[in-house]
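**Student:** Just structure25.tsv, nothing more (TSV, C-alpha atoms and all ligand atoms):
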chain	number	residue	atom	x	y	z
A	1371	MET	CA	9.17	-1.24	50.07
A	1372	ALA	CA	8.18	0.54	46.85
A	1373	GLU	CA	4.88	2.39	46.99
A	1374	VAL	CA	2.04	0.86	44.95
A	1375	PHE	CA	-0.19	3.27	43.07
A	1376	ILE	CA	-3.67	2.49	41.85
A	1377	LEU	CA	-5.17	4.45	39.00
A	1378	LYS	CA	-8.87	5.02	39.38
A	1379	PHE	CA	-10.33	4.64	35.89
A	1380	ASN	CA	-11.38	1.46	34.12
A	1381	LYS	CA	-8.83	0.54	31.50
A	1382	ILE	CA	-9.74	0.88	27.84
A	1383	PRO	CA	-9.19	-2.58	26.30
A	1384	ILE	CA	-5.98	-3.06	24.32
A	1385	ASN	CA	-7.87	-4.07	21.17
A	1386	MET	CA	-9.59	-0.66	21.13
A	1387	TYR	CA	-6.19	1.05	21.06
A	1388	GLU	CA	-5.07	-1.35	18.35
A	1389	ASN	CA	-8.11	-0.53	16.20
A	1390	PHE	CA	-7.75	3.20	16.70
A	1391	HIS	CA	-4.14	3.17	15.50
A	1392	LYS	CA	-5.02	0.93	12.57
A	1393	ILE	CA	-7.71	3.33	11.35
A	1394	PHE	CA	-6.06	6.66	12.15
A	1395	SER	CA	-2.33	7.13	11.64
A	1396	GLY	CA	-2.20	10.79	12.74
A	1397	SER	CA	-0.02	11.89	9.83
A	1398	ASN	CA	0.06	11.68	6.07
A	1399	HIS	CA	1.82	13.36	3.16
A	1400	ASN	CA	-0.21	16.52	3.74
A	1401	THR	CA	0.72	16.90	7.38
A	1402	PHE	CA	4.41	16.04	7.23
A	1403	GLU	CA	5.79	19.19	5.57
A	1404	ILE	CA	3.63	21.49	7.69
A	1405	CYS	CA	4.84	19.95	10.96
A	1406	LYS	CA	8.42	19.98	9.70
A	1407	LYS	CA	8.26	23.71	8.95
A	1408	CYS	CA	6.52	24.42	12.22
A	1409	GLY	CA	9.20	22.60	14.22
A	1410	GLY	CA	6.96	20.96	16.77
A	1411	ALA	CA	5.47	24.11	18.27
A	1412	CYS	CA	2.84	22.01	20.04
A	1413	GLU	CA	5.44	20.12	22.06
A	1414	TYR	CA	7.28	22.88	23.87
A	1415	ASN	CA	6.56	23.06	27.57
A	1416	LYS	CA	3.49	20.82	27.37
A	1417	ILE	CA	2.45	17.68	29.24
A	1418	GLY	CA	1.53	14.44	27.43
A	1419	THR	CA	-1.21	12.41	29.10
A	1420	LEU	CA	-2.05	8.73	28.63
A	1421	LEU	CA	-5.61	7.45	28.48
A	1422	PRO	CA	-6.69	4.84	31.04
A	1423	GLY	CA	-4.89	1.57	30.24
A	1424	GLU	CA	-2.78	3.10	27.46
A	1425	GLU	CA	0.43	2.17	29.33
A	1426	GLU	CA	-0.49	-1.51	28.92
A	1427	TYR	CA	-1.05	-1.13	25.20
A	1428	MET	CA	2.20	0.79	24.67
A	1429	ALA	CA	4.24	-1.61	26.82
A	1430	LYS	CA	2.87	-4.51	24.79
A	1431	LYS	CA	3.82	-2.82	21.52
A	1432	MET	CA	7.35	-2.32	22.84
A	1433	GLY	CA	7.59	-5.88	24.10
A	1434	ILE	CA	8.43	-4.83	27.66
A	1435	SER	CA	6.65	-5.26	30.97
A	1436	VAL	CA	4.23	-2.61	32.15
A	1437	SER	CA	6.38	-1.93	35.22
A	1438	GLU	CA	9.46	-1.37	33.07
A	1439	PHE	CA	7.44	0.87	30.77
A	1440	LYS	CA	6.30	2.97	33.73
A	1441	LEU	CA	9.83	3.31	35.09
A	1442	ARG	CA	11.26	4.34	31.73
A	1443	TYR	CA	8.55	6.55	30.32
A	1444	LEU	CA	5.92	7.64	32.85
A	1445	ASP	CA	5.20	9.76	35.89
A	1446	ILE	CA	1.99	10.14	37.84
A	1447	LEU	CA	-0.10	13.22	38.46
A	1448	LYS	CA	-2.04	13.15	41.70
A	1449	MET	CA	-5.15	15.27	41.41
A	1450	ASP	CA	-6.71	17.15	44.33
A	1451	ASP	CA	-9.27	14.37	44.98
A	1452	GLY	CA	-6.53	11.68	44.95
A	1453	THR	CA	-7.20	10.52	41.38
A	1454	LEU	CA	-4.00	9.38	39.68
A	1455	ILE	CA	-3.28	10.00	36.00
A	1456	HIS	CA	-0.37	8.76	33.92
A	1457	VAL	CA	1.70	11.33	32.05
A	1458	LEU	CA	4.80	11.02	29.88
A	1459	LYS	CA	7.83	11.59	32.08
A	1460	LEU	CA	7.94	15.24	33.07
A	1461	GLY	CA	11.15	16.84	31.91
A	1462	GLU	CA	12.73	18.91	29.20
A	1463	LEU	CA	12.17	16.38	26.41
A	1464	CYS	CA	9.58	13.71	25.91
A	1465	PRO	CA	11.24	10.34	26.64
A	1466	PHE	CA	10.15	9.19	23.17
A	1467	LEU	CA	11.75	12.07	21.30
A	1468	ASN	CA	14.93	11.12	19.46
A	1469	LYS	CA	17.29	14.03	20.12
A	1470	GLU	CA	19.24	13.57	16.90
A	1471	THR	CA	16.48	13.00	14.38
A	1472	GLU	CA	13.73	14.82	16.32
A	1473	ALA	CA	11.48	11.87	15.44
A	1474	CYS	CA	8.91	10.34	17.75
A	1475	GLU	CA	10.14	6.85	18.58
A	1476	CYS	CA	6.66	5.53	19.28
A	1477	SER	CA	4.92	7.07	16.29
A	1478	ASP	CA	2.92	3.91	15.43
A	1479	PHE	CA	1.54	3.56	18.95
A	1480	LYS	CA	2.03	7.01	20.45
A	1481	PRO	CA	-0.40	8.30	23.10
A	1482	ILE	CA	-3.73	8.98	21.42
A	1483	MET	CA	-3.76	12.49	22.85
A	1484	CYS	CA	-0.51	13.14	20.91
A	1485	LYS	CA	-1.78	11.44	17.78
A	1486	ILE	CA	-5.01	13.38	17.44
A	1487	TYR	CA	-3.62	16.89	17.92
A	1488	PRO	CA	-4.88	19.44	16.67
A	1489	VAL	CA	-8.06	17.78	17.94
A	1490	VAL	CA	-8.51	19.02	21.51
A	1491	PHE	CA	-11.42	18.82	23.91
A	1492	THR	CA	-13.59	20.99	26.12
A	1493	VAL	CA	-15.91	19.90	28.91
A	1494	GLU	CA	-19.14	21.83	29.38
A	1495	SER	CA	-21.81	20.80	31.89
A	1496	GLY	CA	-20.50	17.25	31.92
A	1497	THR	CA	-20.37	16.95	28.13
A	1498	VAL	CA	-17.09	16.45	26.28
A	1499	ASN	CA	-16.72	18.23	22.94
A	1500	PHE	CA	-13.89	17.59	20.52
A	1501	VAL	CA	-12.80	20.61	18.51
A	1502	ILE	CA	-9.89	21.60	16.28
A	1503	ASP	CA	-7.26	23.88	17.81
A	1504	ASN	CA	-7.02	26.78	15.36
A	1505	TRP	CA	-3.61	27.68	16.75
A	1506	CYS	CA	-2.00	24.70	15.00
A	1507	GLN	CA	-0.91	25.22	11.40
A	1508	LEU	CA	-2.55	21.93	10.41
A	1509	SER	CA	-5.93	23.48	11.15
A	1510	ARG	CA	-5.38	26.04	8.41
A	1511	LYS	CA	-5.19	23.63	5.52
A	1512	LYS	CA	-8.64	22.34	4.71
A	1513	VAL	CA	-7.42	18.88	3.72
A	1514	CYS	CA	-5.56	18.46	7.03
A	1515	ARG	CA	-8.43	19.84	9.03
A	1516	ASN	CA	-10.79	17.32	7.41
A	1517	TYR	CA	-8.34	14.54	8.11
A	1518	PHE	CA	-8.14	15.31	11.82
A	1519	GLU	CA	-11.87	15.83	12.06
A	1520	SER	CA	-12.23	12.24	10.84
A	1521	ALA	CA	-10.64	11.13	14.15
A	1522	ILE	CA	-13.44	12.68	16.21
A	1523	PRO	CA	-16.03	9.89	15.66
A	1524	LEU	CA	-13.31	7.33	16.52
A	1525	LEU	CA	-12.42	9.17	19.69
A	1526	SER	CA	-16.05	9.43	20.69
A	1527	ARG	CA	-16.28	5.64	20.58
A	1528	LEU	CA	-13.50	5.15	23.13
A	1529	PRO	CA	-14.93	4.61	26.63
A	1530	ILE	CA	-13.10	7.53	28.24
A	1531	PRO	CA	-14.83	8.67	31.44
A	1532	VAL	CA	-15.85	12.32	31.57
A	1533	GLU	CA	-14.09	12.51	34.97
A	1534	TRP	CA	-10.82	11.77	33.19
A	1535	PHE	CA	-11.39	14.73	30.84
A	1536	ASN	CA	-12.38	16.92	33.80
A	1537	HIS	CA	-9.05	16.23	35.46
A	1538	VAL	CA	-6.88	16.51	32.37
A	1539	ILE	CA	-8.40	19.83	31.35
A	1540	SER	CA	-7.00	21.39	34.53
A	1541	TYR	CA	-3.47	21.31	33.07
A	1542	ASP	CA	-3.66	20.12	29.44
A	1543	ASP	CA	-3.56	23.51	27.71
A	1544	LEU	CA	-1.00	25.07	30.08
A	1545	TYR	CA	2.75	25.50	29.61
A	1546	PHE	CA	5.31	24.37	32.19
A	1547	ASP	CA	8.85	25.21	33.12
A	1548	TYR	CA	10.75	22.03	32.32
A	1549	ASP	CA	13.86	23.23	34.22
A	1550	GLN	CA	11.83	23.63	37.38
A	1551	LEU	CA	10.18	20.27	36.77
A	1552	LYS	CA	13.62	18.70	36.58
A	1553	LYS	CA	14.58	20.25	39.93
A	1554	CYS	CA	11.29	19.12	41.45
A	1555	ARG	CA	12.09	15.55	40.42
A	1556	LYS	CA	15.04	15.40	42.83
A	1557	GLY	CA	14.31	13.10	45.75
A	1558	LYS	CA	11.34	11.45	44.00
A	1559	ASN	CA	11.17	7.88	42.72
A	1560	GLN	CA	12.01	7.22	39.08
A	1561	TYR	CA	8.29	6.63	38.47
A	1562	ALA	CA	7.53	9.91	40.22
A	1563	VAL	CA	4.34	11.34	41.68
A	1564	PHE	CA	3.70	15.06	41.20
A	1565	SER	CA	0.69	16.70	42.82
A	1566	LEU	CA	-1.50	18.92	40.64
A	1567	GLU	CA	-0.70	21.82	42.98
A	1568	GLU	CA	3.02	21.21	42.51
A	1569	LEU	CA	2.62	21.03	38.73
A	1570	LEU	CA	0.50	24.18	38.52
A	1571	SER	CA	3.12	26.10	40.52
A	1572	LEU	CA	5.58	25.38	37.68
A	1573	GLN	CA	3.66	27.10	34.91
A	1574	ARG	CA	5.36	29.44	32.52
A	1575	ASP	CA	4.08	32.11	30.17
A	1576	PRO	CA	2.11	30.74	27.25
A	1577	VAL	CA	3.71	30.42	23.84
A	1578	GLU	CA	3.23	33.75	22.17
A	1579	ALA	CA	1.64	33.69	18.76
A	1580	TYR	CA	1.00	36.87	16.88
A	1581	GLN	CA	0.44	37.94	13.34
A	1582	ILE	CA	2.79	40.37	11.67
A	1583	LYS	CA	1.62	42.64	8.90
A	1584	THR	CA	3.21	40.76	5.98
A	1585	TYR	CA	0.52	39.22	3.81
A	1586	ASN	CA	-0.12	35.51	4.40
A	1587	VAL	CA	2.67	35.06	6.91
A	1588	GLU	CA	2.27	34.41	10.59
A	1589	MET	CA	5.01	34.77	13.14
A	1590	TYR	CA	5.37	32.60	16.20
A	1591	LYS	CA	7.56	32.97	19.21
A	1592	ILE	CA	8.27	29.79	21.09
A	1593	GLN	CA	9.46	30.09	24.66
A	1594	LYS	CA	11.81	27.29	25.62
A	1595	ALA	CA	13.54	26.99	28.95
A	1596	GLY	CA	15.92	29.95	29.05
A	1597	THR	CA	15.69	30.71	25.32
A	1598	SER	CA	13.20	31.73	22.71
A	1599	ILE	CA	12.88	30.88	19.02
A	1600	ASP	CA	11.14	32.99	16.41
A	1601	PHE	CA	9.86	31.47	13.22
A	1602	TYR	CA	7.67	32.38	10.33
A	1603	GLN	CA	4.98	30.22	8.83
A	1604	GLU	CA	3.16	30.74	5.58
A	1605	ILE	CA	-0.53	30.07	5.88
A	1606	ASP	CA	-3.32	29.25	3.50
A	1607	GLU	CA	-6.31	31.46	3.34
A	1608	ILE	CA	-8.61	30.27	6.11
A	1609	ASN	CA	-11.76	29.07	4.41
A	1610	PHE	CA	-13.73	27.20	7.04
B	1701	LIG	S1	1.72	22.77	16.23
B	1701	LIG	FE1	0.57	21.68	14.63
B	1701	LIG	S2	1.78	22.05	12.77
B	1701	LIG	FE2	3.12	22.46	14.50
B	1701	LIG	S3	4.18	20.52	14.87
B	1701	LIG	FE3	2.39	20.59	16.22
B	1701	LIG	S4	0.81	19.49	15.06
B	1701	LIG	FE4	2.41	20.05	13.58
B	1702	LIG	S1	5.12	10.60	22.39
B	1702	LIG	FE1	5.90	11.23	20.42
B	1702	LIG	S2	4.37	12.72	19.66
B	1702	LIG	FE2	4.02	12.45	21.86
B	1702	LIG	S3	5.19	14.13	22.83
B	1702	LIG	FE3	6.52	12.29	22.76
B	1702	LIG	S4	7.71	12.51	20.90
B	1702	LIG	FE4	5.97	13.90	20.74
Could I get this file's structure written as structure tokens?
**Tutor:**
Amino acid sequence: MAEVFILKFNKIPINMYENFHKIFSGSNHNTFEICKKCGGACEYNKIGTLLPGEEEYMAKKMGISVSEFKLRYLDILKMDDGTLIHVLKLGELCPFLNKETEACECSDFKPIMCKIYPVVFTVESGTVNFVIDNWCQLSRKKVCRNYFESAIPLLSRLPIPVEWFNHVISYDDLYFDYDQLKKCRKGKNQYAVFSLEELLSLQRDPVEAYQIKTYNVEMYKIQKAGTSIDFYQEIDEINF
């Protein structure tokens, strides 16, 4: 008999997801070219996490059952205290990434944590703070920065428990070895459970980002499984 998993958090109602996506699209004409030049640096070796109940919203948008959605797109992370959290299937590529076009196939209803980036969060003394990740090129253009900052009040209105943030922060900003993750998947169910300990043992070195001396140009080195890519990115003067 298949194991039944129960996620601990109260689900955020579907209409709240619907409203969020209606108000905040996560991209516009200002962001598109920057992300295209950058080549998706934020996606290499990272883990995508769903908010409580987000699997139901996404399954509904795709017109499939929640159980089919889980089998096709999700895995579970089991935290040290037994809390279970849904993540996009752990592997080399996000299951929503179209390999040929490199487009996100769920862009209109993608996980909110994907949609809001470069907005990230910190948890201090039980308080969640949303901040802009200055590593992302979008943070360097004032107009983009303002746009993403406009998502923060919307996010703050979602009833996300602080315990959820406390768990997610234990792996959210880390980088993982997708090859090892793939090997680890062997012998697990299709809708697989990975323990936090198991996940943390599969970390890899962080993406290196460093500035070279050329005026107004920043150089990034992206570490992919077994390879590395160097690219240059022109940046605006930082004026915030
Ligand atoms: S790191 Fe920032 S600029 Fe690059 S693809 Fe991701 S969101 Fe776009
Ligand atoms: S869901 Fe879309 S935006 Fe999020 S990691 Fe997958 S392809 Fe990227």
**Student:** Enumerate as a PyMOL selection string the residues within 6 Å of ligand LIG 1701 (chain B), counting all atoms listed in the file.
**Tutor:** chain A and resi 1404-1405+1408-1412+1487-1488+1506-1508
**Student:** Output C-alpha atoms of each residue in that selection to a file, as a compact mmCIF listing (two decimals), in the coordinates of the input.
**Tutor:**
# COMPACT_ATOMS: atom_id res chain seq x y z
CA ILE A 1404 3.63 21.49 7.69
CA CYS A 1405 4.84 19.95 10.96
CA CYS A 1408 6.52 24.42 12.22
CA GLY A 1409 9.20 22.60 14.22
CA GLY A 1410 6.96 20.96 16.77
CA ALA A 1411 5.47 24.11 18.27
CA CYS A 1412 2.84 22.01 20.04
CA TYR A 1487 -3.62 16.89 17.92
CA PRO A 1488 -4.88 19.44 16.67
CA CYS A 1506 -2.00 24.70 15.00
CA GLN A 1507 -0.91 25.22 11.40
CA LEU A 1508 -2.55 21.93 10.41
**Student:** Give the centre and edge lengths of an axis-aligned box, in Å to one decimal, that holds all listed atoms of ligand LIG 1702 (chain B) with 4 Å on each side, as lines of an AutoDock Vina configuration file.
**Tutor:**
center_x = 5.9
center_y = 12.4
center_z = 21.2
size_x = 11.7
size_y = 11.5
size_z = 11.2
**Student:** List as a list in words the protein and nucleic acid residues near A:Met1428, meaning an atom at most 10 Å away when only C-alpha atoms are counted, but skip any in the same chain fewer than 6 places from it.
**Tutor:** Ile1384, Tyr1387, Glu1388, Leu1420, Ile1434, Ser1435, Val1436, Phe1439, Cys1476, Asp1478, Phe1479, Lys1480 and Pro1481 of chain A
**Student:** At a cut-off of 10 Å around ligand LIG 1702 (chain B), and using all atoms listed in the file, what residues come up? Please write them as a PDB file with C-alpha atoms, in the coordinates of the input.
**Tutor:**
ATOM      1  CA  GLY A1396      -2.200  10.790  12.740  1.00  0.00           C
ATOM      2  CA  GLY A1410       6.960  20.960  16.770  1.00  0.00           C
ATOM      3  CA  CYS A1412       2.840  22.010  20.040  1.00  0.00           C
ATOM      4  CA  GLU A1413       5.440  20.120  22.060  1.00  0.00           C
ATOM      5  CA  TYR A1414       7.280  22.880  23.870  1.00  0.00           C
ATOM      6  CA  LYS A1416       3.490  20.820  27.370  1.00  0.00           C
ATOM      7  CA  ILE A1417       2.450  17.680  29.240  1.00  0.00           C
ATOM      8  CA  GLY A1418       1.530  14.440  27.430  1.00  0.00           C
ATOM      9  CA  THR A1419      -1.210  12.410  29.100  1.00  0.00           C
ATOM     10  CA  LEU A1420      -2.050   8.730  28.630  1.00  0.00           C
ATOM     11  CA  TYR A1443       8.550   6.550  30.320  1.00  0.00           C
ATOM     12  CA  LEU A1458       4.800  11.020  29.880  1.00  0.00           C
ATOM     13  CA  LYS A1459       7.830  11.590  32.080  1.00  0.00           C
ATOM     14  CA  LEU A1463      12.170  16.380  26.410  1.00  0.00           C
ATOM     15  CA  CYS A1464       9.580  13.710  25.910  1.00  0.00           C
ATOM     16  CA  PRO A1465      11.240  10.340  26.640  1.00  0.00           C
ATOM     17  CA  PHE A1466      10.150   9.190  23.170  1.00  0.00           C
ATOM     18  CA  LEU A1467      11.750  12.070  21.300  1.00  0.00           C
ATOM     19  CA  ASN A1468      14.930  11.120  19.460  1.00  0.00           C
ATOM     20  CA  LYS A1469      17.290  14.030  20.120  1.00  0.00           C
ATOM     21  CA  GLU A1472      13.730  14.820  16.320  1.00  0.00           C
ATOM     22  CA  ALA A1473      11.480  11.870  15.440  1.00  0.00           C
ATOM     23  CA  CYS A1474       8.910  10.340  17.750  1.00  0.00           C
ATOM     24  CA  GLU A1475      10.140   6.850  18.580  1.00  0.00           C
ATOM     25  CA  CYS A1476       6.660   5.530  19.280  1.00  0.00           C
ATOM     26  CA  SER A1477       4.920   7.070  16.290  1.00  0.00           C
ATOM     27  CA  ASP A1478       2.920   3.910  15.430  1.00  0.00           C
ATOM     28  CA  PHE A1479       1.540   3.560  18.950  1.00  0.00           C
ATOM     29  CA  LYS A1480       2.030   7.010  20.450  1.00  0.00           C
ATOM     30  CA  PRO A1481      -0.400   8.300  23.100  1.00  0.00           C
ATOM     31  CA  ILE A1482      -3.730   8.980  21.420  1.00  0.00           C
ATOM     32  CA  MET A1483      -3.760  12.490  22.850  1.00  0.00           C
ATOM     33  CA  CYS A1484      -0.510  13.140  20.910  1.00  0.00           C
ATOM     34  CA  LYS A1485      -1.780  11.440  17.780  1.00  0.00           C
ATOM     35  CA  ILE A1486      -5.010  13.380  17.440  1.00  0.00           C
ATOM     36  CA  TYR A1487      -3.620  16.890  17.920  1.00  0.00           C
TER      37      TYR A1487
END
**Student:** Counting all atoms listed in the file, which of A:Trp1505, A:Trp1534, A:Phe1546, A:Phe1564 gets nearest to A:Lys1378?
**Tutor:**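 Checking each candidate against A:Lys1378, we get A:Trp1534 as the closest.
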**Student:** What does the structure give for the distance between atom CA of A:Lys1558 and atom CA of A:Arg1442, in Å to one decimal?
**Tutor:**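 Atom-to-atom, atom CA of A:Lys1558 to atom CA of A:Arg1442, that is 14.2 Å.
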**Student:** Compare A:Asn1385, A:Asn1516, A:Ser1526, A:Asn1499 by their minimum atom-to-atom distance to A:Asn1400, counting only C-alpha atoms, and give me the closest one.
**Tutor:**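 Closest to A:Asn1400, using only C-alpha atoms: A:Asn1516.
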**Student:** For each of A:Tyr1548, A:Ile1522, A:Gln1560, A:Lys1512, take the minimum atom-to-atom distance to A:Ser1437, counting all atoms listed in the file, then give the residue where this is smallest.
**Tutor:**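 Of all the options, A:Gln1560 lies closest to A:Ser1437.
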**Student:** Find the distance between atom CA of A:Arg1527 and atom CA of A:Ile1382 and write it in Å to one decimal.
**Tutor:**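 We find that atom CA of A:Arg1527 and atom CA of A:Ile1382 lie 10.9 Å from each other.
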**Student:** Which is closest to A:Thr1497 among A:Asn1536, A:Ser1520, A:Asn1559, A:Thr1471, if we use all atoms listed in the file?
**Tutor:** A:Asn1536
**Student:** Might you pull out every residue within 10 Å of A:Leu1544, with only C-alpha atoms counted and same-chain residues fewer than 2 positions away left off, and present them as a list of chain:residue names?
**Tutor:**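 Surrounding residues, per the criterion: A:Asn1415, A:Lys1416, A:Ile1417, A:Ile1539, A:Ser1540, A:Tyr1541, A:Asp1542, A:Phe1546, A:Leu1570, A:Gln1573, A:Arg1574, A:Asp1575, A:Pro1576, A:Val1577.
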**Student:** Any idea what the distance is between atom CA of A:Lys1552 and atom CA of A:Gly1461?
**Tutor:** 5.6 Å
**Student:** Check the smallest atom-to-atom distance from each of A:Lys1556, A:Lys1448, A:Leu1524, A:Ile1502 to A:Met1386 using all atoms listed in the file, then report the winner.
**Tutor:** A:Leu1524
**Student:** Since fewer atoms than expected are present, regenerate N, CA and C atoms for stretch 1445-1468 of chain A and write them as a short mmCIF file (atom, residue, chain, number, x, y, z; two decimals), in the frame of the given file.
**Tutor:**
data_model
loop_
_atom_site.label_atom_id
_atom_site.label_comp_id
_atom_site.auth_asym_id
_atom_site.auth_seq_id
_atom_site.Cartn_x
_atom_site.Cartn_y
_atom_site.Cartn_z
N ASP A 1445 5.36 9.24 34.53
CA ASP A 1445 5.20 9.76 35.89
C ASP A 1445 3.70 9.74 36.19
N ILE A 1446 3.39 10.12 37.43
CA ILE A 1446 1.99 10.14 37.84
C ILE A 1446 1.62 11.55 38.31
N LEU A 1447 0.44 11.99 37.90
CA LEU A 1447 -0.10 13.22 38.46
C LEU A 1447 -1.17 12.86 39.47
N LYS A 1448 -1.03 13.41 40.66
CA LYS A 1448 -2.04 13.15 41.70
C LYS A 1448 -2.94 14.37 41.79
N MET A 1449 -4.21 14.16 41.43
CA MET A 1449 -5.15 15.27 41.41
C MET A 1449 -5.62 15.57 42.83
N ASP A 1450 -6.32 16.70 42.98
CA ASP A 1450 -6.71 17.15 44.33
C ASP A 1450 -7.59 16.14 45.06
N ASP A 1451 -8.39 15.36 44.32
CA ASP A 1451 -9.27 14.37 44.98
C ASP A 1451 -8.59 13.01 45.11
N GLY A 1452 -7.27 12.94 44.81
CA GLY A 1452 -6.53 11.68 44.95
C GLY A 1452 -6.49 10.85 43.68
N THR A 1453 -7.24 11.26 42.65
CA THR A 1453 -7.20 10.52 41.38
C THR A 1453 -5.80 10.59 40.79
N LEU A 1454 -5.35 9.45 40.25
CA LEU A 1454 -4.00 9.38 39.68
C LEU A 1454 -4.09 9.25 38.16
N ILE A 1455 -3.27 10.01 37.48
CA ILE A 1455 -3.28 10.00 36.00
C ILE A 1455 -1.86 9.83 35.49
N HIS A 1456 -1.70 8.97 34.49
CA HIS A 1456 -0.37 8.76 33.92
C HIS A 1456 -0.01 9.84 32.91
N VAL A 1457 1.20 10.37 33.04
CA VAL A 1457 1.70 11.33 32.05
C VAL A 1457 3.07 10.88 31.57
N LEU A 1458 3.44 11.30 30.36
CA LEU A 1458 4.80 11.02 29.88
C LEU A 1458 5.76 11.72 30.83
N LYS A 1459 6.88 11.09 31.08
CA LYS A 1459 7.83 11.59 32.08
C LYS A 1459 8.03 13.10 31.97
N LEU A 1460 7.85 13.79 33.08
CA LEU A 1460 7.94 15.24 33.07
C LEU A 1460 9.41 15.68 33.05
N GLY A 1461 9.77 16.40 32.03
CA GLY A 1461 11.15 16.84 31.91
C GLY A 1461 11.30 17.62 30.63
N GLU A 1462 12.54 18.01 30.33
CA GLU A 1462 12.73 18.91 29.20
C GLU A 1462 12.28 18.30 27.87
N LEU A 1463 12.55 17.02 27.68
CA LEU A 1463 12.17 16.38 26.41
C LEU A 1463 11.29 15.17 26.69
N CYS A 1464 10.38 14.92 25.80
CA CYS A 1464 9.58 13.71 25.91
C CYS A 1464 10.53 12.50 25.83
N PRO A 1465 10.33 11.49 26.68
CA PRO A 1465 11.24 10.34 26.64
C PRO A 1465 11.21 9.58 25.32
N PHE A 1466 10.23 9.86 24.47
CA PHE A 1466 10.15 9.19 23.17
C PHE A 1466 10.75 10.03 22.03
N LEU A 1467 11.21 11.22 22.35
CA LEU A 1467 11.75 12.07 21.30
C LEU A 1467 13.22 11.75 21.05
N ASN A 1468 13.54 11.38 19.81
CA ASN A 1468 14.93 11.12 19.46
C ASN A 1468 15.64 12.46 19.27
#
